[in-house]
file work01.tsv (TSV, C-alpha atoms)
chain	number	residue	atom	x	y	z
D	1	MET	CA	-121.24	46.78	66.36
D	2	ILE	CA	-119.41	43.45	66.21
D	3	PRO	CA	-119.48	41.46	69.49
D	4	SER	CA	-116.36	40.28	71.25
D	5	TYR	CA	-115.82	36.60	72.00
D	6	PHE	CA	-114.19	34.26	74.47
D	7	ILE	CA	-113.50	31.00	72.64
D	8	ALA	CA	-111.97	27.82	74.03
D	9	HIS	CA	-109.19	26.42	71.84
D	10	GLY	CA	-109.17	23.02	73.59
D	11	ALA	CA	-106.37	20.53	72.99
D	12	PRO	CA	-104.27	20.82	69.79
D	13	LEU	CA	-106.00	17.73	68.35
D	14	LEU	CA	-109.12	19.86	68.00
D	15	ALA	CA	-107.58	21.18	64.78
D	16	ILE	CA	-108.01	17.82	63.03
D	17	GLU	CA	-111.08	16.47	64.82
D	18	GLU	CA	-114.72	16.61	63.83
D	19	ASN	CA	-117.13	16.81	66.75
D	20	GLU	CA	-120.01	18.94	67.97
D	21	TYR	CA	-117.65	21.72	69.01
D	22	THR	CA	-115.69	21.95	65.77
D	23	LYS	CA	-118.96	21.89	63.82
D	24	PHE	CA	-120.31	24.73	65.93
D	25	LEU	CA	-117.19	26.83	65.39
D	26	ASN	CA	-117.33	26.25	61.64
D	27	GLN	CA	-120.96	27.37	61.58
D	28	LEU	CA	-120.29	30.37	63.83
D	29	GLY	CA	-117.82	31.79	61.34
D	30	GLN	CA	-120.49	31.61	58.65
D	31	HIS	CA	-123.16	33.40	60.66
D	32	VAL	CA	-121.41	36.26	62.47
D	33	PRO	CA	-120.62	39.47	60.54
D	34	LYS	CA	-117.32	39.23	58.69
D	35	PRO	CA	-114.94	41.70	60.35
D	36	ARG	CA	-112.37	43.88	58.62
D	37	ALA	CA	-109.79	42.64	61.14
D	38	ILE	CA	-109.48	40.41	64.21
D	39	VAL	CA	-107.67	41.33	67.42
D	40	LEU	CA	-106.85	38.08	69.21
D	41	PHE	CA	-105.59	37.62	72.77
D	42	SER	CA	-104.08	34.13	73.12
D	43	ALA	CA	-103.49	32.17	76.32
D	44	HIS	CA	-100.34	30.83	74.67
D	45	TRP	CA	-98.68	34.20	74.39
D	46	VAL	CA	-97.89	35.10	78.00
D	47	SER	CA	-95.85	38.21	78.71
D	48	SER	CA	-95.27	40.60	81.58
D	49	VAL	CA	-95.78	43.49	79.16
D	50	GLN	CA	-98.69	43.97	76.79
D	51	TYR	CA	-97.53	43.12	73.29
D	52	VAL	CA	-99.21	44.30	70.09
D	53	SER	CA	-98.17	42.50	66.91
D	54	GLU	CA	-97.05	44.42	63.82
D	55	VAL	CA	-96.58	41.49	61.47
D	56	ASP	CA	-97.02	41.57	57.70
D	57	GLN	CA	-97.29	37.79	57.22
D	58	TYR	CA	-97.62	35.34	60.10
D	59	SER	CA	-95.83	32.03	60.33
D	60	THR	CA	-97.58	29.10	62.03
D	61	ILE	CA	-96.19	28.13	65.43
D	62	TYR	CA	-96.45	24.47	66.53
D	63	ASP	CA	-96.16	25.07	70.27
D	64	PHE	CA	-96.87	21.48	71.31
D	65	GLY	CA	-95.27	18.07	71.02
D	66	GLY	CA	-96.09	14.39	70.71
D	67	PHE	CA	-99.19	14.72	68.54
D	68	SER	CA	-100.19	13.43	65.12
D	69	GLU	CA	-97.90	14.46	62.26
D	70	ALA	CA	-100.98	15.89	60.53
D	71	LEU	CA	-101.01	18.75	63.02
D	72	TYR	CA	-97.53	19.86	61.95
D	73	GLN	CA	-98.62	20.09	58.33
D	74	ILE	CA	-101.30	22.70	59.01
D	75	GLU	CA	-100.56	26.26	58.06
D	76	TYR	CA	-102.66	29.35	58.65
D	77	PRO	CA	-101.06	32.12	56.54
D	78	ALA	CA	-102.85	35.11	58.04
D	79	ILE	CA	-101.66	38.62	57.36
D	80	GLY	CA	-101.49	41.54	59.76
D	81	ASN	CA	-102.81	45.08	59.49
D	82	LYS	CA	-100.47	47.80	60.70
D	83	HIS	CA	-103.21	50.42	60.53
D	84	VAL	CA	-105.25	48.51	63.14
D	85	SER	CA	-102.09	47.95	65.18
D	86	GLU	CA	-101.60	51.73	65.21
D	87	GLU	CA	-105.21	52.23	66.31
D	88	ILE	CA	-104.62	49.84	69.22
D	89	LYS	CA	-101.47	51.65	70.27
D	90	ASP	CA	-103.27	54.98	70.15
D	91	LEU	CA	-106.07	53.64	72.36
D	92	PHE	CA	-103.56	52.20	74.84
D	93	THR	CA	-101.74	55.52	74.97
D	94	VAL	CA	-104.95	57.41	75.74
D	95	GLU	CA	-105.78	54.98	78.57
D	96	GLY	CA	-102.23	54.94	79.95
D	97	ILE	CA	-101.70	51.23	79.24
D	98	PRO	CA	-98.01	50.34	78.69
D	99	TYR	CA	-97.27	48.26	75.60
D	100	GLN	CA	-94.56	47.10	73.24
D	101	THR	CA	-94.75	46.03	69.62
D	102	GLU	CA	-93.66	42.66	68.22
D	103	SER	CA	-92.84	42.26	64.54
D	104	SER	CA	-91.74	38.64	64.07
D	105	ARG	CA	-93.81	36.26	66.22
D	106	GLY	CA	-96.12	33.87	64.38
D	107	LEU	CA	-99.54	32.62	65.44
D	108	ASP	CA	-99.53	30.01	68.23
D	109	HIS	CA	-102.09	27.21	68.33
D	110	GLY	CA	-104.26	29.17	70.72
D	111	ALA	CA	-104.78	31.55	67.82
D	112	TRP	CA	-104.70	29.49	64.63
D	113	VAL	CA	-106.79	26.54	65.85
D	114	VAL	CA	-109.68	28.93	66.53
D	115	LEU	CA	-109.17	31.19	63.52
D	116	ARG	CA	-108.86	28.30	61.10
D	117	MET	CA	-112.26	26.93	62.11
D	118	LEU	CA	-113.95	30.33	62.04
D	119	TYR	CA	-112.33	31.64	58.86
D	120	PRO	CA	-110.53	28.80	57.05
D	121	ASN	CA	-109.46	30.98	54.11
D	122	ALA	CA	-107.19	33.13	56.30
D	123	ASP	CA	-108.55	36.16	54.48
D	124	ILE	CA	-109.06	38.45	57.49
D	125	PRO	CA	-106.12	40.45	58.90
D	126	VAL	CA	-105.11	39.47	62.44
D	127	ILE	CA	-103.46	41.45	65.21
D	128	SER	CA	-102.08	39.06	67.77
D	129	MET	CA	-102.00	40.15	71.43
D	130	SER	CA	-100.32	38.75	74.54
D	131	VAL	CA	-101.94	38.19	77.93
D	132	ASN	CA	-100.55	38.71	81.42
D	133	PRO	CA	-101.89	36.40	84.17
D	134	GLU	CA	-100.00	38.42	86.79
D	135	LEU	CA	-102.31	41.38	86.32
D	136	THR	CA	-105.49	41.63	88.37
D	137	PRO	CA	-108.78	40.80	86.64
D	138	GLU	CA	-109.62	44.51	86.88
D	139	GLU	CA	-106.47	45.39	84.94
D	140	GLN	CA	-107.13	42.73	82.31
D	141	TYR	CA	-110.70	44.00	81.96
D	142	LYS	CA	-109.40	47.56	81.54
D	143	ILE	CA	-107.15	46.49	78.66
D	144	GLY	CA	-110.14	44.98	76.87
D	145	LYS	CA	-112.31	47.99	77.67
D	146	SER	CA	-109.76	50.34	76.13
D	147	LEU	CA	-110.31	48.57	72.78
D	148	SER	CA	-114.12	48.73	72.77
D	149	GLU	CA	-114.09	51.53	70.17
D	150	LEU	CA	-112.64	49.08	67.64
D	151	ARG	CA	-115.88	47.10	67.67
D	152	LYS	CA	-117.61	50.14	66.15
D	153	LYS	CA	-115.12	49.95	63.30
D	154	ASP	CA	-115.91	46.35	62.32
D	155	VAL	CA	-113.00	44.87	64.26
D	156	MET	CA	-113.70	41.61	66.09
D	157	ILE	CA	-112.00	41.03	69.44
D	158	ILE	CA	-111.42	37.38	70.37
D	159	ALA	CA	-109.88	35.99	73.54
D	160	SER	CA	-108.73	32.39	73.20
D	161	GLY	CA	-108.31	30.17	76.24
D	162	GLY	CA	-110.57	27.93	78.31
D	163	SER	CA	-112.80	28.48	81.32
D	164	VAL	CA	-111.81	25.10	82.79
D	165	HIS	CA	-108.31	24.05	81.74
D	166	ASN	CA	-106.46	21.83	84.22
D	167	LEU	CA	-104.26	19.39	82.30
D	168	ARG	CA	-103.39	17.45	85.46
D	169	ALA	CA	-107.06	16.70	86.11
D	170	LEU	CA	-108.00	15.41	82.64
D	171	ASP	CA	-109.48	11.95	82.14
D	172	TRP	CA	-107.82	10.80	78.94
D	173	ARG	CA	-110.27	7.89	78.62
D	174	ASP	CA	-112.74	10.53	77.41
D	175	ASN	CA	-115.82	8.45	78.17
D	176	GLY	CA	-118.22	11.32	77.58
D	177	GLU	CA	-118.88	12.06	81.26
D	178	THR	CA	-118.37	15.55	82.65
D	179	THR	CA	-116.59	15.98	85.96
D	180	PRO	CA	-119.08	17.55	88.43
D	181	TRP	CA	-116.66	20.17	89.75
D	182	ALA	CA	-115.96	21.47	86.23
D	183	LEU	CA	-119.67	21.92	85.55
D	184	GLN	CA	-120.20	23.60	88.93
D	185	PHE	CA	-117.49	26.14	88.18
D	186	ASP	CA	-118.84	26.86	84.70
D	187	GLU	CA	-122.38	27.23	86.01
D	188	TRP	CA	-121.19	29.74	88.61
D	189	LEU	CA	-119.34	31.57	85.86
D	190	GLU	CA	-122.43	31.58	83.65
D	191	LYS	CA	-124.59	33.08	86.41
D	192	HIS	CA	-122.23	35.95	87.11
D	193	LEU	CA	-121.31	36.66	83.50
D	194	LYS	CA	-124.96	36.96	82.51
D	195	ALA	CA	-125.51	39.33	85.44
D	196	TRP	CA	-122.33	41.23	84.48
D	197	ASP	CA	-121.36	40.88	88.12
D	198	THR	CA	-117.77	42.03	87.82
D	199	GLN	CA	-117.44	42.41	91.58
D	200	SER	CA	-117.87	38.64	92.01
D	201	LEU	CA	-116.08	37.69	88.81
D	202	PHE	CA	-112.96	39.60	89.79
D	203	GLN	CA	-112.89	37.48	92.97
D	204	TYR	CA	-113.59	34.18	91.18
D	205	ASP	CA	-110.59	32.51	92.82
D	206	SER	CA	-112.15	32.83	96.29
D	207	LEU	CA	-115.86	32.79	95.44
D	208	ALA	CA	-116.37	30.25	92.67
D	209	PRO	CA	-116.81	26.57	93.59
D	210	SER	CA	-113.76	24.43	92.73
D	211	ALA	CA	-111.92	27.50	91.46
D	212	GLN	CA	-108.51	26.07	92.36
D	213	LEU	CA	-109.23	22.97	90.27
D	214	ALA	CA	-110.82	24.78	87.35
D	215	VAL	CA	-108.21	27.56	87.28
D	216	PRO	CA	-105.04	26.15	88.87
D	217	PRO	CA	-102.24	28.59	89.69
D	218	TYR	CA	-100.13	27.13	86.88
D	219	GLY	CA	-102.96	27.51	84.34
D	220	ARG	CA	-104.49	30.93	84.95
D	221	GLU	CA	-103.40	32.13	81.52
D	222	HIS	CA	-106.19	30.07	79.97
D	223	PHE	CA	-108.97	31.55	82.08
D	224	ILE	CA	-108.00	35.21	82.29
D	225	PRO	CA	-108.47	36.01	78.56
D	226	ILE	CA	-112.19	36.09	79.34
D	227	PHE	CA	-111.68	39.42	81.14
D	228	TYR	CA	-110.08	40.97	78.05
D	229	SER	CA	-113.02	40.03	75.81
D	230	MET	CA	-115.58	40.94	78.46
D	231	GLY	CA	-114.02	44.36	78.98
D	232	ALA	CA	-114.22	45.02	75.25
D	233	ALA	CA	-118.03	44.97	75.59
D	234	ASP	CA	-118.26	47.08	78.75
D	235	ASP	CA	-120.36	49.63	76.88
D	236	GLU	CA	-123.12	47.04	76.34
D	237	GLN	CA	-122.62	44.63	79.26
D	238	LYS	CA	-124.44	41.71	77.68
D	239	ALA	CA	-123.12	38.14	77.91
D	240	THR	CA	-124.49	35.19	75.92
D	241	LEU	CA	-123.36	31.58	76.23
D	242	LEU	CA	-123.30	30.24	72.67
D	243	HIS	CA	-121.89	26.79	73.34
D	244	ARG	CA	-120.58	24.60	76.14
D	245	SER	CA	-119.34	21.03	75.98
D	246	TYR	CA	-116.48	19.06	77.52
D	247	ARG	CA	-113.69	16.70	76.56
D	248	TYR	CA	-111.57	14.45	78.79
D	249	GLY	CA	-113.97	14.95	81.70
D	250	SER	CA	-113.24	18.58	82.50
D	251	LEU	CA	-111.68	20.41	79.53
D	252	SER	CA	-114.33	22.96	78.68
D	253	HIS	CA	-115.23	23.94	75.15
D	254	SER	CA	-117.16	27.10	75.77
D	255	ILE	CA	-117.94	30.12	73.63
D	256	TRP	CA	-119.11	33.37	75.16
D	257	GLN	CA	-120.36	36.31	73.15
D	258	PHE	CA	-120.15	39.76	74.71
D	259	GLY	CA	-122.17	42.65	73.37
call {"tool": "encode", "arguments": {"input": "work01.tsv", "output": "structure tokens"}}
result
Amino acid sequence: MIPSYFIAHGAPLLAIEENEYTKFLNQLGQHVPKPRAIVLFSAHWVSSVQYVSEVDQYSTIYDFGGFSEALYQIEYPAIGNKHVSEEIKDLFTVEGIPYQTESSRGLDHGAWVVLRMLYPNADIPVISMSVNPELTPEEQYKIGKSLSELRKKDVMIIASGGSVHNLRALDWRDNGETTPWALQFDEWLEKHLKAWDTQSLFQYDSLAPSAQLAVPPYGREHFIPIFYSMGAADDEQKATLLHRSYRYGSLSHSIWQFG
């Protein structure tokens, strides 16, 4: 059964950089089983309703500004898979999860930056999914859990975001030092993920050290995808930290494997 993943997409520049994190992502795509499709929840597709994409051919969305022109030349021409989209809708219906379909939206950088490093040939069908930071962690977890059957059918579930993602707290000098509060939050997260302590994790905002800095109210959409990918592995309840590094002092580049 293919694991699910929580993968940090970092800053847009990650798409054209070469560092320890990009090298790790490139290698990860070569070593994990190649799925028949990828279901991807992106922090950059926020919606009050759960959207399921039904797209034949994705365009590439450049949902950022002020970066190198090279970023705007990148394309990731992934295709969709309506059969898998139908499977998702059927699972949501069984679990009583409301949803809508979306047939025109392209892939935002939360999706294509990660996918391009894992599978640069864009030869795996993708079903893009929205996230809703207004839901409770329990509800986000339930959405992921409802899709766990897909993992038995060689479908990979990826949630793209960042465990520590506070743009107002970044140190753009990027001197290689990690901000202590960011590490403290991630270490708390690691402890409770490995213990599959959902009771504590669902209360991260009041229990985790420096939670308001690591997951500011205006940036929750980057943290909460972890509950979708975690829920997708509820039947195994095994969490493995594959990689963790930082840029700009506190922007975490972490990869969690569930299952």
call {"tool": "residues_near_point", "arguments": {"input": "work01.tsv", "point": "(-102.3, 30.6, 84.7)", "cutoff": "10 Å", "atoms": "all atoms listed in the file", "output": "list in words"}}
result
Ala43, Val46, Asn132, Pro133, Glu134, His165, Asn166, Val215, Pro216, Pro217, Tyr218, Gly219, Arg220, Glu221, His222, Phe223 and Ile224 of chain D
call {"tool": "atom_distance", "arguments": {"input": "work01.tsv", "atom1": "atom CA of Lys89 of chain D", "atom2": "atom CA of Tyr51 of chain D"}}
result
9.9 Å
call {"tool": "closest_atom_pairs", "arguments": {"input": "work01.tsv", "of": "segment 85-171 of chain D", "to": "segment 184-202 of chain D", "cutoff": "12 Å", "atoms": "all atoms listed in the file", "output": "CSV"}}
result
residue,atom,partner,partner_atom,distance
D:Leu135,CA,D:Phe202,CA,11.3
D:Thr136,CA,D:Phe202,CA,7.9
D:Pro137,CA,D:Phe202,CA,5.4
D:Glu138,CA,D:Phe202,CA,6.6
D:Glu139,CA,D:Phe202,CA,10.0
D:Gln140,CA,D:Phe202,CA,10.0
D:Tyr141,CA,D:Phe202,CA,9.3
D:Lys142,CA,D:Thr198,CA,11.8
D:Gly162,CA,D:Asp186,CA,10.5
D:Ser163,CA,D:Asp186,CA,7.1
D:Val164,CA,D:Asp186,CA,7.5
D:His165,CA,D:Asp186,CA,11.3
call {"tool": "write_last_selection", "arguments": {"input": "work01.tsv", "atoms": "C-alpha atoms", "output": "tab-separated table (two decimals), keeping the file's coordinate frame"}}
result
chain	number	residue	atom	x	y	z
D	135	LEU	CA	-102.31	41.38	86.32
D	136	THR	CA	-105.49	41.63	88.37
D	137	PRO	CA	-108.78	40.80	86.64
D	138	GLU	CA	-109.62	44.51	86.88
D	139	GLU	CA	-106.47	45.39	84.94
D	140	GLN	CA	-107.13	42.73	82.31
D	141	TYR	CA	-110.70	44.00	81.96
D	142	LYS	CA	-109.40	47.56	81.54
D	162	GLY	CA	-110.57	27.93	78.31
D	163	SER	CA	-112.80	28.48	81.32
D	164	VAL	CA	-111.81	25.10	82.79
D	165	HIS	CA	-108.31	24.05	81.74
call {"tool": "closest_residue", "arguments": {"input": "work01.tsv", "among": "D:Val113, D:Ala70, D:Ile143, D:Val52", "to": "Val94 of chain D", "atoms": "only C-alpha atoms"}}
result
D:Ile143
call {"tool": "closest_residue", "arguments": {"input": "work01.tsv", "among": "D:Glu102, D:Glu75, D:Glu236, D:Glu87", "to": "Ser47 of chain D", "atoms": "all atoms listed in the file"}}
result
D:Glu102
call {"tool": "residues_around", "arguments": {"input": "work01.tsv", "residues": "Ile157 of chain D", "least_positions_apart": "2", "cutoff": "6 Å", "atoms": "all atoms listed in the file", "output": "list in words"}}
result
Ser4, Ile38, Val39 and Leu40 of chain D
call {"tool": "write_last_selection", "arguments": {"input": "work01.tsv", "atoms": "C-alpha atoms", "output": "mmCIF file, keeping the file's coordinate frame"}}
result
data_model
loop_
_atom_site.group_PDB
_atom_site.id
_atom_site.type_symbol
_atom_site.label_atom_id
_atom_site.label_comp_id
_atom_site.auth_asym_id
_atom_site.auth_seq_id
_atom_site.Cartn_x
_atom_site.Cartn_y
_atom_site.Cartn_z
ATOM 1 C CA SER D 4 -116.360 40.280 71.250
ATOM 2 C CA ILE D 38 -109.480 40.410 64.210
ATOM 3 C CA VAL D 39 -107.670 41.330 67.420
ATOM 4 C CA LEU D 40 -106.850 38.080 69.210
#
call {"tool": "closest_residue", "arguments": {"input": "work01.tsv", "among": "D:Phe41, D:Pro120, D:Thr60, D:Asp174", "to": "Leu147 of chain D", "atoms": "all atoms listed in the file"}}
result
D:Phe41
call {"tool": "atom_distance", "arguments": {"input": "work01.tsv", "atom1": "atom CA of Gly259 of chain D", "atom2": "atom CA of Ala233 of chain D"}}
result
5.2 Å
call {"tool": "residues_around", "arguments": {"input": "work01.tsv", "residues": "Ile127 of chain D", "least_positions_apart": "4", "cutoff": "10 Å", "atoms": "all atoms listed in the file", "output": "list in words"}}
result
Ala37, Ile38, Val39, Leu40, Phe41, Val52, Ser53, Glu54, Val55, Asp56, Tyr58, Ala78, Ile79, Gly80, Asn81, Lys82, Val84, Ser85, Ile88, Leu107 and Ile157 of chain D
call {"tool": "axis_aligned_box", "arguments": {"input": "work01.tsv", "around": "segment 117-123 of chain D", "padding_each_side": "3 Å", "output": "lines of an AutoDock Vina configuration file"}}
result
center_x = -110.6
center_y = 31.5
center_z = 58.1
size_x = 12.8
size_y = 15.2
size_z = 14.0
call {"tool": "residues_around", "arguments": {"input": "work01.tsv", "residues": "Leu183 of chain D", "least_positions_apart": "5", "cutoff": "10 Å", "atoms": "all atoms listed in the file", "output": "ChimeraX atom specification"}}
result
/D:164,178,188-189,209-210,214,244-246,249-250,252
call {"tool": "write_last_selection", "arguments": {"input": "work01.tsv", "atoms": "C-alpha atoms", "output": "mmCIF file, in the coordinates of the input"}}
result
data_model
loop_
_atom_site.group_PDB
_atom_site.id
_atom_site.type_symbol
_atom_site.label_atom_id
_atom_site.label_comp_id
_atom_site.auth_asym_id
_atom_site.auth_seq_id
_atom_site.Cartn_x
_atom_site.Cartn_y
_atom_site.Cartn_z
ATOM 1 C CA VAL D 164 -111.810 25.100 82.790
ATOM 2 C CA THR D 178 -118.370 15.550 82.650
ATOM 3 C CA TRP D 188 -121.190 29.740 88.610
ATOM 4 C CA LEU D 189 -119.340 31.570 85.860
ATOM 5 C CA PRO D 209 -116.810 26.570 93.590
ATOM 6 C CA SER D 210 -113.760 24.430 92.730
ATOM 7 C CA ALA D 214 -110.820 24.780 87.350
ATOM 8 C CA ARG D 244 -120.580 24.600 76.140
ATOM 9 C CA SER D 245 -119.340 21.030 75.980
ATOM 10 C CA TYR D 246 -116.480 19.060 77.520
ATOM 11 C CA GLY D 249 -113.970 14.950 81.700
ATOM 12 C CA SER D 250 -113.240 18.580 82.500
ATOM 13 C CA SER D 252 -114.330 22.960 78.680
#
call {"tool": "closest_residue", "arguments": {"input": "work01.tsv", "among": "D:Val32, D:Ile7, D:Ala159, D:Leu167", "to": "Leu213 of chain D", "atoms": "only C-alpha atoms"}}
result
D:Leu167
call {"tool": "residues_near_point", "arguments": {"input": "work01.tsv", "point": "(-103.2, 25.8, 65.7)", "cutoff": "7 Å", "atoms": "all atoms listed in the file", "output": "number ranges by chain"}}
result
D: 12, 15, 62, 108-113
call {"tool": "closest_residue", "arguments": {"input": "work01.tsv", "among": "D:Leu251, D:Leu242, D:Leu207, D:Pro3", "to": "Arg168 of chain D", "atoms": "all atoms listed in the file"}}
result
D:Leu251
call {"tool": "closest_residue", "arguments": {"input": "work01.tsv", "among": "D:Ser148, D:Gln237, D:Ser48, D:Ser206", "to": "Phe92 of chain D", "atoms": "only C-alpha atoms"}}
result
D:Ser148
call {"tool": "decode", "arguments": {"input": "work01.tsv", "residues": "segment 56-77 of chain D", "atoms": "N, CA and C atoms", "output": "compact mmCIF listing (two decimals), in the first residue's frame"}}
result
# COMPACT_ATOMS: atom_id res chain seq x y z
N ASP D 56 -8.85 17.49 -17.65
CA ASP D 56 -8.17 16.61 -18.61
C ASP D 56 -6.70 16.96 -18.72
N GLN D 57 -6.40 18.26 -18.88
CA GLN D 57 -5.02 18.74 -19.02
C GLN D 57 -4.86 20.00 -18.20
N TYR D 58 -3.95 19.98 -17.24
CA TYR D 58 -3.76 21.12 -16.36
C TYR D 58 -2.90 22.20 -17.00
N SER D 59 -3.27 23.44 -16.77
CA SER D 59 -2.39 24.57 -17.04
C SER D 59 -1.50 24.77 -15.81
N THR D 60 -0.49 25.62 -15.93
CA THR D 60 0.42 25.91 -14.82
C THR D 60 0.12 27.30 -14.29
N ILE D 61 -0.24 27.39 -13.03
CA ILE D 61 -0.60 28.67 -12.42
C ILE D 61 0.63 29.28 -11.75
N TYR D 62 0.90 30.56 -12.03
CA TYR D 62 2.02 31.28 -11.41
C TYR D 62 1.42 32.22 -10.35
N ASP D 63 1.09 31.64 -9.22
CA ASP D 63 0.38 32.39 -8.17
C ASP D 63 1.37 33.05 -7.21
N PHE D 64 2.23 33.89 -7.79
CA PHE D 64 3.24 34.62 -7.03
C PHE D 64 3.71 35.78 -7.90
N GLY D 65 4.45 36.69 -7.32
CA GLY D 65 4.94 37.83 -8.09
C GLY D 65 6.29 38.31 -7.60
N GLY D 66 7.03 38.96 -8.49
CA GLY D 66 8.29 39.57 -8.11
C GLY D 66 9.48 38.65 -8.07
N PHE D 67 9.37 37.47 -8.68
CA PHE D 67 10.48 36.52 -8.67
C PHE D 67 11.17 36.49 -10.03
N SER D 68 12.20 35.65 -10.11
CA SER D 68 12.98 35.51 -11.34
C SER D 68 12.08 35.11 -12.51
N GLU D 69 12.38 35.67 -13.68
CA GLU D 69 11.60 35.36 -14.88
C GLU D 69 11.64 33.87 -15.21
N ALA D 70 12.70 33.19 -14.77
CA ALA D 70 12.83 31.75 -15.04
C ALA D 70 11.66 30.97 -14.45
N LEU D 71 11.12 31.44 -13.34
CA LEU D 71 10.00 30.74 -12.71
C LEU D 71 8.77 30.73 -13.60
N TYR D 72 8.59 31.82 -14.35
CA TYR D 72 7.39 31.96 -15.17
C TYR D 72 7.50 31.21 -16.50
N GLN D 73 8.65 30.61 -16.72
CA GLN D 73 8.85 29.81 -17.93
C GLN D 73 8.61 28.32 -17.67
N ILE D 74 8.47 27.97 -16.42
CA ILE D 74 8.28 26.56 -16.06
C ILE D 74 6.85 26.13 -16.36
N GLU D 75 6.72 24.98 -16.94
CA GLU D 75 5.40 24.39 -17.15
C GLU D 75 5.43 22.96 -16.62
N TYR D 76 4.30 22.55 -16.05
CA TYR D 76 4.17 21.16 -15.60
C TYR D 76 2.85 20.64 -16.18
N PRO D 77 2.91 20.04 -17.38
CA PRO D 77 1.69 19.69 -18.13
C PRO D 77 1.07 18.36 -17.69
